[in-house]
$ cat entry.pdb   # PDB, C-alpha atoms
ATOM      1  CA  MET H  28      89.343  91.877  97.422
ATOM      2  CA  SER H  29      91.557  94.894  98.051
ATOM      3  CA  ALA H  30      90.633  97.272 100.850
ATOM      4  CA  LYS H  31      87.695  99.652 100.545
ATOM      5  CA  LEU H  32      87.412 102.657 102.818
ATOM      6  CA  ASN H  33      84.344 104.808 103.441
ATOM      7  CA  THR H  34      84.353 107.811 105.720
ATOM      8  CA  ARG H  35      81.389 109.154 107.691
ATOM      9  CA  GLU H  36      80.825 111.492 110.632
ATOM     10  CA  VAL H  37      79.247 110.441 113.926
ATOM     11  CA  GLY H  38      79.022 113.630 115.984
ATOM     12  CA  ASP H  39      82.552 115.029 116.035
ATOM     13  CA  VAL H  40      84.114 111.613 115.401
ATOM     14  CA  THR H  41      85.200 110.578 111.919
ATOM     15  CA  VAL H  42      84.489 106.902 111.398
ATOM     16  CA  VAL H  43      86.389 105.100 108.654
ATOM     17  CA  ASP H  44      84.739 101.825 107.635
ATOM     18  CA  VAL H  45      87.410  99.538 106.232
ATOM     19  CA  SER H  46      86.646  96.303 104.409
ATOM     20  CA  GLY H  47      88.647  93.703 102.508
ATOM     21  CA  ARG H  48      92.366  93.016 102.622
ATOM     22  CA  ILE H  49      94.902  95.510 103.964
ATOM     23  CA  THR H  50      98.075  94.256 102.327
ATOM     24  CA  LEU H  51     101.138  95.662 100.584
ATOM     25  CA  GLY H  52     100.019  97.613  97.519
ATOM     26  CA  GLU H  53      96.598  99.138  97.008
ATOM     27  CA  GLY H  54      95.169  98.116 100.370
ATOM     28  CA  SER H  55      97.818  99.677 102.556
ATOM     29  CA  SER H  56      98.235 102.765 100.350
ATOM     30  CA  ALA H  57      94.474 103.401 100.425
ATOM     31  CA  MET H  58      94.599 103.344 104.213
ATOM     32  CA  ARG H  59      97.610 105.668 104.285
ATOM     33  CA  ASP H  60      96.054 108.131 101.831
ATOM     34  CA  THR H  61      92.731 108.245 103.677
ATOM     35  CA  LEU H  62      94.311 108.881 107.079
ATOM     36  CA  ARG H  63      96.623 111.562 105.706
ATOM     37  CA  GLU H  64      93.686 113.306 104.024
ATOM     38  CA  LEU H  65      91.722 113.276 107.275
ATOM     39  CA  VAL H  66      94.658 114.715 109.217
ATOM     40  CA  SER H  67      95.165 117.383 106.537
ATOM     41  CA  ALA H  68      91.468 118.250 106.845
ATOM     42  CA  GLY H  69      91.992 118.843 110.562
ATOM     43  CA  LYS H  70      90.166 115.753 111.833
ATOM     44  CA  LYS H  71      91.244 115.004 115.398
ATOM     45  CA  LYS H  72      89.005 112.113 116.419
ATOM     46  CA  ILE H  73      89.309 109.181 114.061
ATOM     47  CA  LEU H  74      87.821 105.725 114.556
ATOM     48  CA  LEU H  75      88.845 102.869 112.277
ATOM     49  CA  ASN H  76      86.075 100.298 111.989
ATOM     50  CA  LEU H  77      87.899  97.096 111.038
ATOM     51  CA  SER H  78      84.976  94.698 111.452
ATOM     52  CA  GLU H  79      84.880  93.893 107.712
ATOM     53  CA  VAL H  80      88.642  93.489 107.308
ATOM     54  CA  THR H  81      89.251  89.929 106.181
ATOM     55  CA  TYR H  82      93.038  89.935 106.148
ATOM     56  CA  ILE H  83      95.926  92.136 107.185
ATOM     57  CA  ASP H  84      99.637  91.574 106.609
ATOM     58  CA  SER H  85     102.722  93.220 108.100
ATOM     59  CA  SER H  86     102.424  96.079 105.628
ATOM     60  CA  GLY H  87      98.862  96.686 106.810
ATOM     61  CA  ILE H  88     100.023  96.553 110.416
ATOM     62  CA  GLY H  89     102.682  99.098 109.477
ATOM     63  CA  GLU H  90     100.035 101.405 108.064
ATOM     64  CA  LEU H  91      97.968 101.126 111.259
ATOM     65  CA  VAL H  92     101.052 102.108 113.275
ATOM     66  CA  SER H  93     101.913 104.943 110.893
ATOM     67  CA  GLY H  94      98.332 106.175 111.014
ATOM     68  CA  PHE H  95      98.379 106.066 114.790
ATOM     69  CA  THR H  96     101.557 108.168 114.993
ATOM     70  CA  THR H  97     100.524 110.539 112.172
ATOM     71  CA  VAL H  98      97.223 111.343 113.877
ATOM     72  CA  ALA H  99      98.873 111.644 117.302
ATOM     73  CA  ASN H 100     101.603 113.952 115.951
ATOM     74  CA  ALA H 101      98.846 116.209 114.603
ATOM     75  CA  GLY H 102      97.278 116.382 118.041
ATOM     76  CA  GLY H 103      94.523 113.877 117.356
ATOM     77  CA  THR H 104      93.553 110.388 118.449
ATOM     78  CA  LEU H 105      93.153 107.243 116.353
ATOM     79  CA  LYS H 106      91.150 104.370 117.834
ATOM     80  CA  LEU H 107      90.218 100.929 116.538
ATOM     81  CA  GLN H 108      86.892  99.142 116.660
ATOM     82  CA  GLY H 109      85.464  95.779 115.624
ATOM     83  CA  LEU H 110      88.602  93.697 115.330
ATOM     84  CA  THR H 111      88.107  90.211 113.962
ATOM     85  CA  LYS H 112      89.754  87.433 115.949
ATOM     86  CA  ARG H 113      92.594  87.145 113.453
ATOM     87  CA  VAL H 114      93.360  90.862 113.430
ATOM     88  CA  LYS H 115      93.170  90.918 117.229
ATOM     89  CA  ASP H 116      95.541  87.933 117.447
ATOM     90  CA  LEU H 117      97.951  89.633 115.063
ATOM     91  CA  LEU H 118      98.014  92.826 117.115
ATOM     92  CA  GLN H 119      98.547  90.787 120.267
ATOM     93  CA  ILE H 120     101.514  88.769 118.992
ATOM     94  CA  THR H 121     103.134  91.956 117.667
ATOM     95  CA  LYS H 122     102.572  93.652 121.060
ATOM     96  CA  LEU H 123     100.489  96.363 119.417
ATOM     97  CA  TYR H 124      97.140  95.512 120.978
ATOM     98  CA  THR H 125      97.866  97.570 124.072
ATOM     99  CA  VAL H 126      99.284 100.444 122.007
ATOM    100  CA  PHE H 127      95.925 101.067 120.358
ATOM    101  CA  ASP H 128      92.724 101.998 122.141
ATOM    102  CA  VAL H 129      90.507  99.126 120.969
ATOM    103  CA  HIS H 130      86.718  98.956 121.339
ATOM    104  CA  GLU H 131      84.187  96.226 120.686
ATOM    105  CA  ASP H 132      81.369  98.384 119.324
ATOM    106  CA  GLU H 133      81.010 101.733 117.629
ATOM    107  CA  ALA H 134      78.781 103.440 120.197
ATOM    108  CA  HIS H 135      81.207 102.682 122.990
ATOM    109  CA  ALA H 136      84.151 103.773 120.863
ATOM    110  CA  VAL H 137      82.519 107.078 119.874
ATOM    111  CA  ARG H 138      81.625 107.857 123.493
ATOM    112  CA  SER H 139      85.224 107.208 124.556
ATOM    113  CA  PHE H 140      86.432 110.229 122.539
ATOM    114  CA  ALA H 141      84.441 112.632 124.703
TER     115      ALA H 141
ATOM    116  CA  MET W 189     106.581  83.981  83.803
ATOM    117  CA  SER W 190     109.305  81.380  83.410
ATOM    118  CA  SER W 191     108.568  78.096  85.050
ATOM    119  CA  ASP W 192     110.211  74.814  85.850
ATOM    120  CA  THR W 193     108.668  71.430  85.576
ATOM    121  CA  ALA W 194     106.980  70.430  88.828
ATOM    122  CA  SER W 195     109.220  67.427  89.209
ATOM    123  CA  ASN W 196     110.270  67.600  92.821
ATOM    124  CA  GLY W 197     107.380  67.829  95.237
ATOM    125  CA  ILE W 198     104.104  69.686  94.888
ATOM    126  CA  LEU W 199     105.312  72.898  93.269
ATOM    127  CA  ASP W 200     108.649  73.923  91.767
ATOM    128  CA  ARG W 201     108.497  77.151  89.826
ATOM    129  CA  ASP W 202     110.018  80.557  89.127
ATOM    130  CA  TYR W 203     107.864  83.649  89.554
ATOM    131  CA  PRO W 204     108.555  87.208  88.359
ATOM    132  CA  SER W 205     109.492  89.844  90.914
ATOM    133  CA  THR W 206     106.088  91.502  91.125
ATOM    134  CA  LEU W 207     103.401  92.062  93.752
ATOM    135  CA  GLU W 208     101.085  89.957  91.578
ATOM    136  CA  SER W 209     103.456  87.046  92.218
ATOM    137  CA  VAL W 210     102.973  87.524  95.951
ATOM    138  CA  ASP W 211      99.221  86.943  95.529
ATOM    139  CA  THR W 212      99.769  84.073  93.088
ATOM    140  CA  VAL W 213     102.205  82.198  95.305
ATOM    141  CA  GLU W 214     100.027  82.753  98.373
ATOM    142  CA  ALA W 215      97.081  81.210  96.485
ATOM    143  CA  ASP W 216      99.164  78.344  95.041
ATOM    144  CA  VAL W 217     100.629  77.406  98.422
ATOM    145  CA  LEU W 218      97.253  77.740 100.141
ATOM    146  CA  LYS W 219      95.800  75.247  97.684
ATOM    147  CA  ALA W 220      98.662  72.880  98.491
ATOM    148  CA  ALA W 221      98.053  73.397 102.230
ATOM    149  CA  VAL W 222      94.383  72.538 101.798
ATOM    150  CA  ASP W 223      95.315  69.410  99.849
ATOM    151  CA  ALA W 224      97.793  68.493 102.608
ATOM    152  CA  GLY W 225      94.928  68.469 105.102
ATOM    153  CA  PHE W 226      95.651  71.568 107.168
ATOM    154  CA  GLY W 227      92.751  73.161 109.043
ATOM    155  CA  GLU W 228      91.497  76.703 108.465
ATOM    156  CA  ASP W 229      93.686  78.394 111.085
ATOM    157  CA  GLU W 230      96.804  76.580 109.915
ATOM    158  CA  GLN W 231      96.016  77.488 106.308
ATOM    159  CA  HIS W 232      95.743  81.125 107.344
ATOM    160  CA  GLY W 233      99.094  80.967 109.158
ATOM    161  CA  ILE W 234     100.858  79.263 106.263
ATOM    162  CA  GLY W 235      99.379  81.776 103.813
ATOM    163  CA  MET W 236     100.522  84.692 105.931
ATOM    164  CA  ALA W 237     104.060  83.306 106.378
ATOM    165  CA  VAL W 238     104.353  82.675 102.638
ATOM    166  CA  ARG W 239     103.027  86.136 101.837
ATOM    167  CA  GLU W 240     105.540  87.815 104.173
ATOM    168  CA  CYS W 241     108.369  85.743 102.726
ATOM    169  CA  MET W 242     107.362  86.536  99.127
ATOM    170  CA  VAL W 243     107.140  90.264  99.917
ATOM    171  CA  ASN W 244     110.668  90.147 101.325
ATOM    172  CA  ALA W 245     111.924  88.268  98.252
ATOM    173  CA  VAL W 246     110.239  90.574  95.714
ATOM    174  CA  VAL W 247     110.660  93.920  97.478
ATOM    175  CA  HIS W 248     113.865  93.635  99.521
ATOM    176  CA  GLY W 249     115.641  90.762  97.736
ATOM    177  CA  ASN W 250     115.013  91.257  94.042
ATOM    178  CA  ARG W 251     113.867  94.874  94.401
ATOM    179  CA  TYR W 252     111.190  94.360  91.723
ATOM    180  CA  ASN W 253     113.946  93.637  89.162
ATOM    181  CA  LYS W 254     112.166  92.205  86.101
ATOM    182  CA  ASN W 255     115.292  90.223  85.224
ATOM    183  CA  LYS W 256     115.273  88.402  88.557
ATOM    184  CA  HIS W 257     112.891  85.685  89.677
ATOM    185  CA  VAL W 258     111.688  84.174  92.906
ATOM    186  CA  HIS W 259     111.962  80.407  93.009
ATOM    187  CA  VAL W 260     109.305  78.592  95.021
ATOM    188  CA  ASN W 261     109.436  74.917  95.945
ATOM    189  CA  VAL W 262     106.727  73.189  97.953
ATOM    190  CA  ARG W 263     107.073  69.620  99.128
ATOM    191  CA  LYS W 264     105.405  67.333 101.596
ATOM    192  CA  SER W 265     107.082  64.546 103.507
ATOM    193  CA  ALA W 266     105.560  62.092 105.960
ATOM    194  CA  ASN W 267     105.866  64.639 108.765
ATOM    195  CA  ASP W 268     106.322  68.081 107.267
ATOM    196  CA  PHE W 269     104.917  70.565 104.787
ATOM    197  CA  GLU W 270     107.816  72.632 103.527
ATOM    198  CA  VAL W 271     107.938  75.812 101.437
ATOM    199  CA  ARG W 272     111.281  77.102 100.116
ATOM    200  CA  ILE W 273     111.413  80.615  98.697
ATOM    201  CA  ARG W 274     114.642  81.815  97.086
ATOM    202  CA  ASP W 275     115.392  85.261  95.694
ATOM    203  CA  GLU W 276     118.305  86.501  93.578
ATOM    204  CA  GLY W 277     119.150  89.520  95.690
ATOM    205  CA  GLU W 278     122.264  90.571  97.529
ATOM    206  CA  GLY W 279     121.386  88.609 100.661
ATOM    207  CA  PHE W 280     121.202  89.890 104.211
ATOM    208  CA  ASP W 281     122.322  88.959 107.706
ATOM    209  CA  HIS W 282     119.087  87.970 109.409
ATOM    210  CA  SER W 283     120.779  88.083 112.816
ATOM    211  CA  GLN W 284     120.956  91.860 112.347
ATOM    212  CA  VAL W 285     117.202  92.265 111.860
ATOM    213  CA  PRO W 286     115.902  94.280 114.842
ATOM    214  CA  ASP W 287     113.525  92.502 117.233
ATOM    215  CA  PRO W 288     110.081  93.975 116.397
ATOM    216  CA  LEU W 289     108.876  93.180 119.918
ATOM    217  CA  ASP W 290     111.573  95.273 121.548
ATOM    218  CA  GLU W 291     109.970  98.306 123.157
ATOM    219  CA  SER W 292     112.025 100.660 120.991
ATOM    220  CA  ASN W 293     110.804  98.941 117.799
ATOM    221  CA  VAL W 294     107.134  98.297 118.494
ATOM    222  CA  LEU W 295     106.027 101.487 116.733
ATOM    223  CA  ARG W 296     108.228 100.988 113.698
ATOM    224  CA  HIS W 297     106.416 100.971 110.367
ATOM    225  CA  SER W 298     108.162  97.843 109.070
ATOM    226  CA  GLY W 299     110.353  94.925 110.139
ATOM    227  CA  ARG W 300     107.748  92.370 111.277
ATOM    228  CA  GLY W 301     107.809  89.978 108.319
ATOM    229  CA  LEU W 302     110.435  87.527 109.539
ATOM    230  CA  PHE W 303     108.928  87.560 113.026
ATOM    231  CA  LEU W 304     105.481  86.713 111.652
ATOM    232  CA  MET W 305     106.897  83.825 109.608
ATOM    233  CA  GLY W 306     108.277  82.373 112.834
ATOM    234  CA  ALA W 307     105.021  82.997 114.671
ATOM    235  CA  PHE W 308     102.947  81.030 112.160
ATOM    236  CA  MET W 309     105.331  78.234 111.147
ATOM    237  CA  ASP W 310     107.008  75.513 113.218
ATOM    238  CA  ASP W 311     110.436  76.248 111.790
ATOM    239  CA  VAL W 312     111.989  79.004 109.668
ATOM    240  CA  LYS W 313     115.477  78.740 108.195
ATOM    241  CA  VAL W 314     117.190  81.664 106.464
ATOM    242  CA  GLU W 315     120.227  80.712 104.407
ATOM    243  CA  LYS W 316     122.504  82.336 101.875
ATOM    244  CA  ALA W 317     121.708  80.876  98.469
ATOM    245  CA  SER W 318     124.258  79.973  95.823
ATOM    246  CA  PRO W 319     125.418  81.782  93.749
ATOM    247  CA  CYS W 320     123.463  84.720  95.189
ATOM    248  CA  GLY W 321     120.356  85.609  97.119
ATOM    249  CA  THR W 322     118.576  84.257 100.141
ATOM    250  CA  GLU W 323     116.631  81.045 100.591
ATOM    251  CA  VAL W 324     114.006  80.838 103.311
ATOM    252  CA  THR W 325     112.580  77.471 104.305
ATOM    253  CA  LEU W 326     109.189  77.539 106.037
ATOM    254  CA  SER W 327     108.171  74.263 107.693
ATOM    255  CA  LYS W 328     104.912  73.176 109.259
ATOM    256  CA  LYS W 329     104.383  69.824 110.906
ATOM    257  CA  LEU W 330     101.574  67.704 109.523
ATOM    258  CA  ALA W 331      99.083  66.425 112.051
TER     259      ALA W 331
END

$ encode --input "entry.pdb" --output "structure tokens"
Amino acid sequence: MSAKLNTREVGDVTVVDVSGRITLGEGSSAMRDTLRELVSAGKKKILLNLSEVTYIDSSGIGELVSGFTTVANAGGTLKLQGLTKRVKDLLQITKLYTVFDVHEDEAHAVRSFA
Amino acid sequence: MSSDTASNGILDRDYPSTLESVDTVEADVLKAAVDAGFGEDEQHGIGMAVRECMVNAVVHGNRYNKNKHVHVNVRKSANDFEVRIRDEGEGFDHSQVPDPLDESNVLRHSGRGLFLMGAFMDDVKVEKASPCGTEVTLSKKLA
């Protein structure tokens, strides 16, 4: 299953629920398009909920990094929440785990933007 | 899709230079990994390494050229499960690929594929193929 992304607002935080596979092609481009649209719309606090992501490849990792820098360059903050063990392991071996602000649950993540 | 007879090992076939081939080869090799007795985590690692290698072959090697193919050979010996993926591109010097873990490269958008192959497999060999292209051999020890 390719990636599906749904966006919702929790207070002043925009939560993006991502599910499926974030891989080269539709999955990674959907992520890129969504984040760019949010930045263009002036969203500054963006939380990616990755709890339903079943698979991510290096292209998907690249889109996470690009999203992180795109949001930061626009004066915003991108955070991650709900990493599966495999996604967490992947971010750790690529030394990206400490680059992102990662949270276990949504409530904690949303509060951290305050 | 042009294909060879599976005469040498588990799989021996040419695939077109498309993203669909990346998914197909990942699935074909995963099936072979299951049959070889690998556990779930090892299957995941093999699938990821194969996917990264196929993306490199299709995107960077053959550059989606419909006249070029990616050759995939999977074989199992007494000790090893081996996947060879060969493109028909111009080749590259893998020693010049920047280290994605270097502090200056960590935030780069791309350049992690070869590193991930090494992270998930026991051995990765990158060789110039004849008459052209690159052949990558991904090996995983059988339990």

$ interface_residues --input "entry.pdb" --of "chain W" --to "chain H" --cutoff "12 Å" --atoms "all atoms listed in the file" --output "ChimeraX atom specification"
/W:206-208,210-211,228-230,232-233,235-244,246-247,287-308

$ atom_distance --input "entry.pdb" --atom1 "CA of Glu79 in chain H" --atom2 "CA of Gly47 in chain H"
6.4 Å

$ resolve_selection --input "entry.pdb" --expression "the PyMOL selection byres ((chain W and resi 281) around 12)" --output "PyMOL selection string"
chain W and resi 278-280+282-286+314-316+321-322

$ resolve_selection --input "entry.pdb" --expression "the PyMOL selection byres ((chain W and resi 313) around 7)" --output "list in words"
Asp311, Val312, Val314, Glu315, Val324, Thr325 and Leu326 of chain W

$ resolve_selection --input "entry.pdb" --expression "the PyMOL selection byres ((chain W and resi 268) around 6)" --output "PyMOL selection string"
chain W and resi 264-265+267+269+328-330

$ residues_around --input "entry.pdb" --residues "range 39-41 of chain H" --least-positions-apart "2" --cutoff "12 Å" --atoms "only C-alpha atoms" --output "count of residues only"
34

$ atom_distance --input "entry.pdb" --atom1 "CA of Ala30 in chain H" --atom2 "CA of Val114 in chain H"
14.4 Å

$ atom_distance --input "entry.pdb" --atom1 "CA of Arg263 in chain W" --atom2 "CA of Leu199 in chain W"
6.9 Å

$ residues_around --input "entry.pdb" --residues "Val45 in chain H" --least-positions-apart "4" --cutoff "6 Å" --atoms "all atoms listed in the file" --output "PyMOL selection string"
chain H and resi 31-32+76-77

$ closest_residue --input "entry.pdb" --among "W:Ser205, W:Gln231, W:Asp275, W:Lys219" --to "Lys254 in chain W" --atoms "all atoms listed in the file"
W:Ser205

$ closest_residue --input "entry.pdb" --among "H:Lys115, H:Asp132, H:Leu110, H:Phe127" --to "Val80 in chain H" --atoms "all atoms listed in the file"
H:Leu110

$ closest_residue --input "entry.pdb" --among "H:Gln119, H:Thr81, H:Arg59, H:Gly102" --to "Ser46 in chain H" --atoms "only C-alpha atoms"
H:Thr81

$ closest_residue --input "entry.pdb" --among "W:Arg274, W:Gly227, W:Ser209, W:Glu214" --to "His259 in chain W" --atoms "all atoms listed in the file"
W:Arg274

$ axis_aligned_box --input "entry.pdb" --around "range 126-138 of chain H" --padding-each-side "3 Å" --output "JSON"
{"center_x": 89.0, "center_y": 102.0, "center_z": 120.6, "size_x": 26.5, "size_y": 17.6, "size_z": 11.9}

$ decode --input "entry.pdb" --residues "range 40-61 of chain H" --atoms "N, CA and C atoms" --output "CSV table (one decimal), in the first residue's frame"
chain,number,residue,atom,x,y,z
H,40,VAL,N,-1.5,23.1,16.4
H,40,VAL,CA,-0.5,22.2,15.8
H,40,VAL,C,-1.2,21.4,14.6
H,41,THR,N,-0.6,21.3,13.5
H,41,THR,CA,-1.1,20.6,12.4
H,41,THR,C,-0.5,19.2,12.4
H,42,VAL,N,-1.4,18.2,12.6
H,42,VAL,CA,-1.0,16.8,12.7
H,42,VAL,C,-1.2,16.1,11.3
H,43,VAL,N,-0.2,15.5,10.8
H,43,VAL,CA,-0.3,14.8,9.6
H,43,VAL,C,-0.2,13.3,9.9
H,44,ASP,N,-1.3,12.6,9.7
H,44,ASP,CA,-1.3,11.1,10.0
H,44,ASP,C,-0.9,10.4,8.7
H,45,VAL,N,0.2,9.7,8.8
H,45,VAL,CA,0.8,9.0,7.6
H,45,VAL,C,0.6,7.5,7.8
H,46,SER,N,0.2,6.8,6.7
H,46,SER,CA,0.1,5.4,6.8
H,46,SER,C,0.6,4.8,5.5
H,47,GLY,N,1.0,3.5,5.6
H,47,GLY,CA,1.5,2.8,4.5
H,47,GLY,C,2.9,2.9,4.3
H,48,ARG,N,3.4,2.8,3.0
H,48,ARG,CA,4.8,2.7,2.7
H,48,ARG,C,5.2,4.1,2.1
H,49,ILE,N,6.3,4.6,2.7
H,49,ILE,CA,6.9,5.9,2.2
H,49,ILE,C,8.2,5.4,1.4
H,50,THR,N,8.0,5.2,0.1
H,50,THR,CA,9.1,4.8,-0.7
H,50,THR,C,9.2,5.7,-2.0
H,51,LEU,N,10.2,5.5,-2.8
H,51,LEU,CA,10.4,6.2,-4.0
H,51,LEU,C,9.2,6.1,-4.9
H,52,GLY,N,8.7,7.3,-5.4
H,52,GLY,CA,7.5,7.2,-6.2
H,52,GLY,C,6.4,8.0,-5.5
H,53,GLU,N,5.2,7.4,-5.5
H,53,GLU,CA,4.0,8.0,-5.0
H,53,GLU,C,4.1,8.3,-3.5
H,54,GLY,N,4.7,7.4,-2.7
H,54,GLY,CA,4.7,7.6,-1.3
H,54,GLY,C,5.5,8.8,-0.9
H,55,SER,N,6.7,8.9,-1.4
H,55,SER,CA,7.6,10.0,-1.0
H,55,SER,C,7.1,11.3,-1.6
H,56,SER,N,6.6,11.3,-2.8
H,56,SER,CA,6.1,12.5,-3.4
H,56,SER,C,4.8,13.1,-2.7
H,57,ALA,N,4.0,12.1,-2.2
H,57,ALA,CA,2.8,12.6,-1.4
H,57,ALA,C,3.2,13.3,-0.2
H,58,MET,N,4.3,12.8,0.5
H,58,MET,CA,4.8,13.4,1.7
H,58,MET,C,5.4,14.8,1.4
H,59,ARG,N,6.1,14.8,0.3
H,59,ARG,CA,6.8,16.1,-0.1
H,59,ARG,C,5.7,17.2,-0.4
H,60,ASP,N,4.7,16.8,-1.2
H,60,ASP,CA,3.6,17.7,-1.6
H,60,ASP,C,2.9,18.2,-0.4
H,61,THR,N,2.5,17.3,0.5
H,61,THR,CA,1.7,17.7,1.7
H,61,THR,C,2.5,18.7,2.5
